[in-house]
Amino acid sequence: MRRRFVVSGPGRVETVSGFSGHVPGSREYRRLLIGLFFGGVATFAQLYATQAVLPAIAADIGGGPAAAALTVSASTLGLAAAVIPWSIVADRIGRVPAMTIGLLVATLLGALTPFAGDMGVLLALRLLEGAALGAVPAVALAYLSEEVSPRHVAAAAGSYIAGTTVGGLSGRVFSGWIGELAGWRWGVASVVVLCVIAAVLFLGLVPKARGFVPGRARRERGPTIRARLASNLRSPVQLALYAQGFLLMGAFVAVYNYLGFHLTAPPFSLAPALVTLLFLAYLAGTASSPRAGALAVRHGRLPVLLWSIGVMGAGAALMFVPTLIAVIPGLLMFTAGFFGAHAVASGWTPVAAEARARAQASSLYYLGYYAGSSVFGWALGLLFGSLGWAPFVGAVLVMCGAAFVLAVAALRAPRGAP
């Protein structure tokens with residue numbers, strides 16, 4: 001298909017094409033959704049592969065629990081730092097090639113991780129692995145927004161987010177179960193095998209991009225990376241969407257970080273083995289994310305986003321009650337609401353951006369997303385340690401409320417707009 005470019009404003013060049021995007025029911029649409037699902041599995045299984053075996057890592061390599069926990073922080077830090085550079089690479093060489101390179105490099109680095117002999121080497125490998133994995137979240141949603149019919153982008157994004165939930169869950173479960181039997185190195189290695197299979201399925205299924213022309217194939221000169229970043233950072237809509245990721249992901253990670261401490265203490269006094277089963281609540285997110293995307297197509301993104309935040313807040317409120325009959329349903333609601341909101345906000349971000357700044361829009365969303373994970377995953381722990389569970393949950397509710405208010409203030413369509 002031939003493409004042409006027109007200048008639509010100072011320093012801006014927009015792609016003009018007859019390609020209107022894949023639609024549900026087509027073979028390419030199914031391949032794209034299934035391929036990106038497995039891309040999400042391959043990415044997020046590796047990202048969290050060490051979380052379930054942190055005590056074993058601390059016992060084997062040394063350094064204590066805090067040092068072992070850095071194996072998770074290092075990977076998410078690497079990912080956060082790399083999403084914007086990956087968006088630049090994707091604009092230059094194309095969306096699918098960038099994701100392919102990132103997954104292949106990450107899998108090779110992941111295969112080296114079980115052989116790390118000291119904490120320094122292990123942390124360096126995890127940092128580089130996270131940086132390589134940044135290619136998928138940096139690019140996947142921009143790719144979706146360009147390859148899927150605009151009306152169906154939200155539903156397609158929900159399917160991708162479902163793959164990320166399965167990846168996050170499977171990385172923890174595989175490494176935990178195998179690590180319990182054969183040691184943490186075999187546990188992490190089992191996740192690498194899983195990711196190789198998922199990456200192969202991703203490469204075999206995801207269709208070639210038709211809605212985007214890489215920069216190296218263009219004769220016209222488009223806006224600079226600084227201009228593309230600035231166009232997003234000047235947009236109130238984009239800033240409100242980034243705030244959703246920052247606040248909601250921060251609240252989500254904090255709850256999963258410290259709920260285990262809450263449940264192993266009185267009045268619950270649960271065994272650690274039972275507490276680890278709480279990760280299965282991620283399956284609520286696997287179900288809610290594609291459902292939220294489908295509802296967004298029918299009812300609009302903002303109502304579904306607000307409803308999801310409300311469900312998340314209601315789940316957090318249930319976890320105030322000191323009984324498992326309330327805490328477990330509360331956790332399921334909290335998880336389902338979070339992934340529903342994330343599916344809508346992350347899929348909305350590239351659609352709301354200028355055509356030539358979509359990859360940077362997605363990258364900035366994920367920068368905020370993982371910044372929230374790092375900041376609140378640590379800071380709310382200080383609150384929990386000093387004041388206890390009730391003030392901690394109160395802070396989580398405040399964050400959900402702030403995200404809700406920002407969404408209402410900045411994301412409503414102007415009066416008379418479609």
# chains A, B, ... in the order shown; residues from 1 in each chain; ligands from 1
$ residues_around --residues "stretch 122-134 of chain A" --least-positions-apart "6" --cutoff "8 Å" --atoms "only C-alpha atoms" --output "list of chain:residue names"
A:Thr43, A:Leu47, A:Leu70, A:Thr71, A:Val72, A:Ala74, A:Ser75, A:Thr76, A:Leu77, A:Gly78, A:Leu79, A:Ala80, A:Ala81, A:Ala82, A:Val83, A:Trp86, A:Gly102, A:Leu103, A:Val105, A:Ala106, A:Thr107, A:Leu109, A:Gly110, A:Leu112, A:Thr113, A:Ala116
$ closest_atom_pairs --of "stretch 153-239 of chain A" --to "stretch 352-361 of chain A" --cutoff "10 Å" --atoms "only C-alpha atoms" --output "JSON lines"
{"residue": "A:Phe212", "atom": "CA", "partner": "A:Arg356", "partner_atom": "CA", "distance": 9.3}
{"residue": "A:Gly222", "atom": "CA", "partner": "A:Arg356", "partner_atom": "CA", "distance": 7.9}
{"residue": "A:Pro223", "atom": "CA", "partner": "A:Arg356", "partner_atom": "CA", "distance": 7.8}
{"residue": "A:Thr224", "atom": "CA", "partner": "A:Ala357", "partner_atom": "CA", "distance": 9.7}
{"residue": "A:Ile225", "atom": "CA", "partner": "A:Gln360", "partner_atom": "CA", "distance": 8.2}
{"residue": "A:Arg226", "atom": "CA", "partner": "A:Gln360", "partner_atom": "CA", "distance": 9.9}
{"residue": "A:Ala227", "atom": "CA", "partner": "A:Ala357", "partner_atom": "CA", "distance": 8.6}
{"residue": "A:Arg228", "atom": "CA", "partner": "A:Ala357", "partner_atom": "CA", "distance": 5.0}
{"residue": "A:Leu229", "atom": "CA", "partner": "A:Gln360", "partner_atom": "CA", "distance": 6.1}
{"residue": "A:Ala230", "atom": "CA", "partner": "A:Ala357", "partner_atom": "CA", "distance": 9.4}
{"residue": "A:Ser231", "atom": "CA", "partner": "A:Ala357", "partner_atom": "CA", "distance": 7.6}
{"residue": "A:Asn232", "atom": "CA", "partner": "A:Ala361", "partner_atom": "CA", "distance": 6.1}
{"residue": "A:Leu233", "atom": "CA", "partner": "A:Ala361", "partner_atom": "CA", "distance": 8.7}
{"residue": "A:Ser235", "atom": "CA", "partner": "A:Ala353", "partner_atom": "CA", "distance": 8.6}
{"residue": "A:Val237", "atom": "CA", "partner": "A:Ala352", "partner_atom": "CA", "distance": 7.6}
{"residue": "A:Gln238", "atom": "CA", "partner": "A:Ala352", "partner_atom": "CA", "distance": 7.3}
{"residue": "A:Leu239", "atom": "CA", "partner": "A:Ala361", "partner_atom": "CA", "distance": 9.8}
$ write_last_selection --atoms "C-alpha atoms" --output "mmCIF file, in the first residue's frame"
data_model
loop_
_atom_site.group_PDB
_atom_site.id
_atom_site.type_symbol
_atom_site.label_atom_id
_atom_site.label_comp_id
_atom_site.auth_asym_id
_atom_site.auth_seq_id
_atom_site.Cartn_x
_atom_site.Cartn_y
_atom_site.Cartn_z
ATOM 1 C CA PHE A 212 2.799 2.988 10.271
ATOM 2 C CA GLY A 222 8.972 14.732 10.906
ATOM 3 C CA PRO A 223 8.948 16.347 14.352
ATOM 4 C CA THR A 224 11.891 15.754 16.656
ATOM 5 C CA ILE A 225 11.641 13.466 19.663
ATOM 6 C CA ARG A 226 11.670 16.548 21.892
ATOM 7 C CA ALA A 227 8.688 17.969 20.002
ATOM 8 C CA ARG A 228 6.810 14.655 20.235
ATOM 9 C CA LEU A 229 7.403 14.418 23.981
ATOM 10 C CA ALA A 230 6.463 18.061 24.466
ATOM 11 C CA SER A 231 3.206 17.689 22.549
ATOM 12 C CA ASN A 232 2.138 14.977 24.981
ATOM 13 C CA LEU A 233 3.350 16.769 28.092
ATOM 14 C CA SER A 235 -1.839 17.962 26.769
ATOM 15 C CA VAL A 237 -5.724 14.773 28.562
ATOM 16 C CA GLN A 238 -2.388 12.999 28.368
ATOM 17 C CA LEU A 239 -1.291 14.266 31.779
#
$ residues_around --residues "A:Gly62" --least-positions-apart "4" --cutoff "9 Å" --atoms "only C-alpha atoms" --output "PDB file with N, CA and C atoms, in the first residue's frame"
ATOM      1  N   ILE A  57      16.764 -16.592  47.189  1.00  0.00           N
ATOM      2  CA  ILE A  57      17.875 -15.802  46.655  1.00  0.00           C
ATOM      3  C   ILE A  57      18.698 -15.211  47.794  1.00  0.00           C
ATOM      4  N   ALA A  58      18.009 -14.675  48.805  1.00  0.00           N
ATOM      5  CA  ALA A  58      18.723 -14.102  49.943  1.00  0.00           C
ATOM      6  C   ALA A  58      19.556 -15.147  50.671  1.00  0.00           C
ATOM      7  N   ALA A  67      18.141  -6.691  49.910  1.00  0.00           N
ATOM      8  CA  ALA A  67      18.979  -6.835  48.717  1.00  0.00           C
ATOM      9  C   ALA A  67      18.316  -7.755  47.699  1.00  0.00           C
ATOM     10  N   ALA A  68      17.705  -8.852  48.188  1.00  0.00           N
ATOM     11  CA  ALA A  68      17.027  -9.765  47.269  1.00  0.00           C
ATOM     12  C   ALA A  68      15.875  -9.063  46.565  1.00  0.00           C
ATOM     13  N   ASP A 118      26.950 -13.772  42.159  1.00  0.00           N
ATOM     14  CA  ASP A 118      26.879 -12.818  43.271  1.00  0.00           C
ATOM     15  C   ASP A 118      25.792 -11.812  42.987  1.00  0.00           C
ATOM     16  N   MET A 119      25.426 -11.046  44.015  1.00  0.00           N
ATOM     17  CA  MET A 119      24.303 -10.134  43.916  1.00  0.00           C
ATOM     18  C   MET A 119      24.544  -9.031  42.892  1.00  0.00           C
TER      19      MET A 119
END
$ closest_residue --among "A:Leu169, A:Leu194, A:Cys400, A:Leu33" --to "A:Thr286" --atoms "only C-alpha atoms"
A:Leu169
$ residues_around --residues "A:His262" --least-positions-apart "4" --cutoff "9 Å" --atoms "only C-alpha atoms" --output "MDAnalysis selection string"
chainID A and resid 258 266 268:269 388:389
$ residues_around --residues "stretch 316-321 of chain A" --least-positions-apart "4" --cutoff "12 Å" --atoms "only C-alpha atoms" --output "ChimeraX atom specification"
/A:248,251-252,254-256,259,262-263,267-268,309-312,325-338,388-401
$ closest_atom_pairs --of "stretch 21-134 of chain A" --to "stretch 154-164 of chain A" --cutoff "8 Å" --atoms "only C-alpha atoms" --output "tab-separated table"
residue	atom	partner	partner_atom	distance
A:Leu33	CA	A:Ala156	CA	6.4
A:Leu36	CA	A:Tyr160	CA	5.6
A:Phe37	CA	A:Gly163	CA	4.3
A:Phe38	CA	A:Gly163	CA	6.2
A:Gly39	CA	A:Gly163	CA	7.4
A:Gly40	CA	A:Thr164	CA	4.4
A:Val41	CA	A:Gly163	CA	5.2
A:Thr43	CA	A:Thr164	CA	7.4
A:Phe44	CA	A:Thr164	CA	5.7
$ write_last_selection --atoms "N, CA, C and O atoms" --output "compact mmCIF listing (two decimals), in the first residue's frame"
# COMPACT_ATOMS: atom_id res chain seq x y z
N LEU A 33 -4.38 -9.88 18.25
CA LEU A 33 -4.75 -9.97 19.66
C LEU A 33 -4.05 -11.13 20.35
O LEU A 33 -3.51 -10.99 21.46
N LEU A 36 -0.21 -10.38 20.63
CA LEU A 36 0.13 -9.43 21.69
C LEU A 36 -0.16 -10.00 23.08
O LEU A 36 0.52 -9.65 24.05
N PHE A 37 -1.15 -10.88 23.18
CA PHE A 37 -1.39 -11.57 24.45
C PHE A 37 -0.14 -12.31 24.88
O PHE A 37 0.33 -12.20 26.02
N PHE A 38 0.44 -13.07 23.95
CA PHE A 38 1.66 -13.82 24.28
C PHE A 38 2.86 -12.90 24.46
O PHE A 38 3.78 -13.21 25.22
N GLY A 39 2.87 -11.76 23.76
CA GLY A 39 3.92 -10.78 24.02
C GLY A 39 3.85 -10.26 25.45
O GLY A 39 4.88 -10.08 26.10
N GLY A 40 2.63 -10.03 25.94
CA GLY A 40 2.46 -9.62 27.34
C GLY A 40 2.91 -10.69 28.31
O GLY A 40 3.54 -10.40 29.34
N VAL A 41 2.60 -11.95 28.00
CA VAL A 41 3.05 -13.06 28.85
C VAL A 41 4.57 -13.11 28.90
O VAL A 41 5.19 -13.19 29.98
N THR A 43 6.73 -10.82 28.39
CA THR A 43 7.33 -9.65 29.05
C THR A 43 7.19 -9.72 30.56
O THR A 43 8.17 -9.62 31.31
N PHE A 44 5.96 -9.90 31.03
CA PHE A 44 5.70 -9.72 32.46
C PHE A 44 6.00 -10.96 33.28
O PHE A 44 6.19 -10.86 34.50
$ atom_distance --atom1 "atom CA of A:Val188" --atom2 "atom CA of A:Thr165"
18.1 Å
$ closest_residue --among "A:Leu104, A:Leu278, A:Ala138, A:Ile197" --to "A:Val173" --atoms "only C-alpha atoms"
A:Leu278
$ residues_around --residues "A:Val206" --least-positions-apart "5" --cutoff "9 Å" --atoms "only C-alpha atoms" --output "JSON, numbers by chain"
{"A": [28, 31, 32, 33, 34, 35, 36, 96, 201]}
$ write_last_selection --atoms "N, CA and C atoms" --output "mmCIF file, in the first residue's frame"
data_model
loop_
_atom_site.group_PDB
_atom_site.id
_atom_site.type_symbol
_atom_site.label_atom_id
_atom_site.label_comp_id
_atom_site.auth_asym_id
_atom_site.auth_seq_id
_atom_site.Cartn_x
_atom_site.Cartn_y
_atom_site.Cartn_z
ATOM 1 N N GLU A 28 -6.511 -11.226 10.595
ATOM 2 C CA GLU A 28 -5.408 -10.405 11.095
ATOM 3 C C GLU A 28 -5.709 -9.859 12.491
ATOM 4 N N ARG A 31 -5.114 -12.678 14.943
ATOM 5 C CA ARG A 31 -3.678 -12.923 15.095
ATOM 6 C C ARG A 31 -3.015 -11.823 15.919
ATOM 7 N N LEU A 32 -3.421 -10.588 15.680
ATOM 8 C CA LEU A 32 -2.828 -9.471 16.413
ATOM 9 C C LEU A 32 -3.120 -9.592 17.908
ATOM 10 N N LEU A 33 -4.381 -9.878 18.251
ATOM 11 C CA LEU A 33 -4.747 -9.967 19.661
ATOM 12 C C LEU A 33 -4.049 -11.131 20.352
ATOM 13 N N ILE A 34 -4.051 -12.283 19.700
ATOM 14 C CA ILE A 34 -3.421 -13.455 20.325
ATOM 15 C C ILE A 34 -1.910 -13.253 20.413
ATOM 16 N N GLY A 35 -1.319 -12.681 19.355
ATOM 17 C CA GLY A 35 0.119 -12.435 19.369
ATOM 18 C C GLY A 35 0.527 -11.482 20.474
ATOM 19 N N LEU A 36 -0.209 -10.378 20.635
ATOM 20 C CA LEU A 36 0.128 -9.430 21.693
ATOM 21 C C LEU A 36 -0.158 -9.999 23.079
ATOM 22 N N VAL A 96 6.912 -3.652 15.191
ATOM 23 C CA VAL A 96 7.132 -5.093 15.396
ATOM 24 C C VAL A 96 8.622 -5.429 15.502
ATOM 25 N N LEU A 201 5.486 -17.703 19.930
ATOM 26 C CA LEU A 201 4.093 -17.524 19.516
ATOM 27 C C LEU A 201 3.822 -16.067 19.128
#
$ residues_around --residues "A:Ser373" --least-positions-apart "3" --cutoff "6 Å" --atoms "only C-alpha atoms" --output "ChimeraX atom specification"
/A:249-250,253,370,376-377
$ atom_distance --atom1 "atom CA of A:Leu411" --atom2 "atom CA of A:Val139"
22.9 Å
$ closest_residue --among "A:Ser145, A:Ser386, A:Ser175, A:Ser308" --to "A:Trp348" --atoms "only C-alpha atoms"
A:Ser145
$ closest_residue --among "A:Ala189, A:Ile101, A:Ala56, A:Ala142" --to "A:Pro114" --atoms "only C-alpha atoms"
A:Ala189
$ decode --residues "stretch 316-352 of chain A" --atoms "N, CA, C and O atoms" --output "CSV table (one decimal), in the first residue's frame"
chain,number,residue,atom,x,y,z
A,316,ALA,N,-10.9,-1.9,48.1
A,316,ALA,CA,-9.9,-1.4,49.1
A,316,ALA,C,-10.7,-1.2,50.4
A,316,ALA,O,-10.2,-1.5,51.5
A,317,ALA,N,-11.9,-0.6,50.3
A,317,ALA,CA,-12.6,-0.3,51.5
A,317,ALA,C,-13.0,-1.6,52.2
A,317,ALA,O,-13.0,-1.7,53.5
A,318,LEU,N,-13.3,-2.6,51.5
A,318,LEU,CA,-13.7,-3.9,52.1
A,318,LEU,C,-12.5,-4.5,52.9
A,318,LEU,O,-12.7,-5.2,53.9
A,319,MET,N,-11.3,-4.2,52.4
A,319,MET,CA,-10.1,-4.7,53.1
A,319,MET,C,-9.8,-4.1,54.5
A,319,MET,O,-8.9,-4.5,55.2
A,320,PHE,N,-10.6,-3.0,54.8
A,320,PHE,CA,-10.6,-2.5,56.2
A,320,PHE,C,-11.1,-3.5,57.2
A,320,PHE,O,-10.6,-3.6,58.3
A,321,VAL,N,-12.0,-4.4,56.8
A,321,VAL,CA,-12.7,-5.3,57.7
A,321,VAL,C,-11.8,-6.4,58.1
A,321,VAL,O,-11.2,-7.1,57.2
A,322,PRO,N,-11.5,-6.7,59.4
A,322,PRO,CA,-10.6,-7.7,59.8
A,322,PRO,C,-11.1,-9.1,59.8
A,322,PRO,O,-11.1,-9.8,60.8
A,323,THR,N,-11.6,-9.5,58.6
A,323,THR,CA,-12.0,-10.9,58.4
A,323,THR,C,-11.8,-11.3,57.0
A,323,THR,O,-11.9,-10.5,56.1
A,324,LEU,N,-11.4,-12.6,56.8
A,324,LEU,CA,-11.1,-13.0,55.4
A,324,LEU,C,-12.3,-13.0,54.5
A,324,LEU,O,-12.2,-12.9,53.3
A,325,ILE,N,-13.5,-13.1,55.1
A,325,ILE,CA,-14.7,-13.1,54.4
A,325,ILE,C,-14.9,-11.8,53.6
A,325,ILE,O,-15.5,-11.7,52.6
A,326,ALA,N,-14.3,-10.7,54.2
A,326,ALA,CA,-14.3,-9.4,53.5
A,326,ALA,C,-13.0,-9.1,52.7
A,326,ALA,O,-13.1,-8.6,51.6
A,327,VAL,N,-11.9,-9.6,53.3
A,327,VAL,CA,-10.6,-9.2,52.6
A,327,VAL,C,-10.5,-9.9,51.3
A,327,VAL,O,-10.0,-9.3,50.3
A,328,ILE,N,-10.8,-11.2,51.1
A,328,ILE,CA,-10.6,-11.9,49.9
A,328,ILE,C,-11.5,-11.3,48.8
A,328,ILE,O,-11.0,-11.0,47.7
A,329,PRO,N,-12.9,-11.1,49.0
A,329,PRO,CA,-13.6,-10.4,48.0
A,329,PRO,C,-13.2,-9.0,47.7
A,329,PRO,O,-13.2,-8.6,46.5
A,330,GLY,N,-12.7,-8.3,48.7
A,330,GLY,CA,-12.2,-7.0,48.5
A,330,GLY,C,-11.0,-7.0,47.6
A,330,GLY,O,-10.8,-6.1,46.7
A,331,LEU,N,-10.1,-8.0,47.8
A,331,LEU,CA,-8.9,-8.1,47.0
A,331,LEU,C,-9.2,-8.4,45.5
A,331,LEU,O,-8.6,-7.8,44.6
A,332,LEU,N,-10.2,-9.3,45.3
A,332,LEU,CA,-10.7,-9.6,44.0
A,332,LEU,C,-11.3,-8.4,43.3
A,332,LEU,O,-11.0,-8.1,42.1
A,333,MET,N,-12.1,-7.6,44.0
A,333,MET,CA,-12.7,-6.4,43.4
A,333,MET,C,-11.6,-5.3,43.2
A,333,MET,O,-11.6,-4.7,42.1
A,334,PHE,N,-10.7,-5.2,44.1
A,334,PHE,CA,-9.6,-4.2,43.9
A,334,PHE,C,-8.7,-4.5,42.7
A,334,PHE,O,-8.4,-3.7,41.9
A,335,THR,N,-8.4,-5.8,42.5
A,335,THR,CA,-7.6,-6.3,41.4
A,335,THR,C,-8.3,-6.1,40.1
A,335,THR,O,-7.8,-5.6,39.1
A,336,ALA,N,-9.6,-6.5,40.0
A,336,ALA,CA,-10.4,-6.4,38.8
A,336,ALA,C,-10.6,-4.9,38.4
A,336,ALA,O,-10.5,-4.6,37.3
A,337,GLY,N,-10.8,-4.1,39.4
A,337,GLY,CA,-11.0,-2.7,39.1
A,337,GLY,C,-9.7,-2.0,38.6
A,337,GLY,O,-9.8,-1.3,37.6
A,338,PHE,N,-8.6,-2.4,39.2
A,338,PHE,CA,-7.3,-1.8,38.7
A,338,PHE,C,-7.1,-2.2,37.3
A,338,PHE,O,-6.7,-1.3,36.5
A,339,PHE,N,-7.1,-3.5,37.0
A,339,PHE,CA,-6.8,-3.9,35.6
A,339,PHE,C,-7.8,-3.4,34.6
A,339,PHE,O,-7.5,-3.1,33.4
A,340,GLY,N,-9.1,-3.2,35.0
A,340,GLY,CA,-10.0,-2.6,34.1
A,340,GLY,C,-9.7,-1.1,33.8
A,340,GLY,O,-9.7,-0.7,32.7
A,341,ALA,N,-9.3,-0.4,34.9
A,341,ALA,CA,-8.9,1.0,34.7
A,341,ALA,C,-7.6,1.1,33.9
A,341,ALA,O,-7.5,2.0,33.0
A,342,HIS,N,-6.7,0.2,34.1
A,342,HIS,CA,-5.4,0.2,33.4
A,342,HIS,C,-5.6,-0.1,31.9
A,342,HIS,O,-5.0,0.6,31.0
A,343,ALA,N,-6.5,-1.0,31.6
A,343,ALA,CA,-6.8,-1.4,30.2
A,343,ALA,C,-7.4,-0.2,29.5
A,343,ALA,O,-7.0,0.1,28.3
A,344,VAL,N,-8.3,0.5,30.1
A,344,VAL,CA,-8.9,1.7,29.5
A,344,VAL,C,-7.9,2.8,29.3
A,344,VAL,O,-7.7,3.4,28.2
A,345,ALA,N,-7.2,3.2,30.4
A,345,ALA,CA,-6.3,4.3,30.4
A,345,ALA,C,-5.1,4.1,29.4
A,345,ALA,O,-4.8,5.0,28.6
A,346,SER,N,-4.5,2.9,29.5
A,346,SER,CA,-3.4,2.7,28.6
A,346,SER,C,-3.8,2.6,27.1
A,346,SER,O,-3.0,3.0,26.3
A,347,GLY,N,-5.0,2.1,26.8
A,347,GLY,CA,-5.4,2.0,25.5
A,347,GLY,C,-5.8,3.4,24.9
A,347,GLY,O,-5.8,3.7,23.7
A,348,TRP,N,-6.3,4.2,25.8
A,348,TRP,CA,-6.7,5.6,25.5
A,348,TRP,C,-5.6,6.5,25.2
A,348,TRP,O,-5.6,7.4,24.3
A,349,THR,N,-4.4,6.3,25.8
A,349,THR,CA,-3.3,7.2,25.7
A,349,THR,C,-2.8,7.4,24.3
A,349,THR,O,-2.7,8.5,23.8
A,350,PRO,N,-2.5,6.3,23.5
A,350,PRO,CA,-2.0,6.6,22.1
A,350,PRO,C,-3.1,7.1,21.2
A,350,PRO,O,-2.8,7.8,20.3
A,351,VAL,N,-4.4,6.7,21.5
A,351,VAL,CA,-5.4,7.2,20.6
A,351,VAL,C,-5.6,8.7,20.8
A,351,VAL,O,-5.9,9.4,19.8
A,352,ALA,N,-5.4,9.2,22.0
A,352,ALA,CA,-5.6,10.6,22.2
A,352,ALA,C,-4.4,11.5,21.8
A,352,ALA,O,-4.4,12.7,21.8
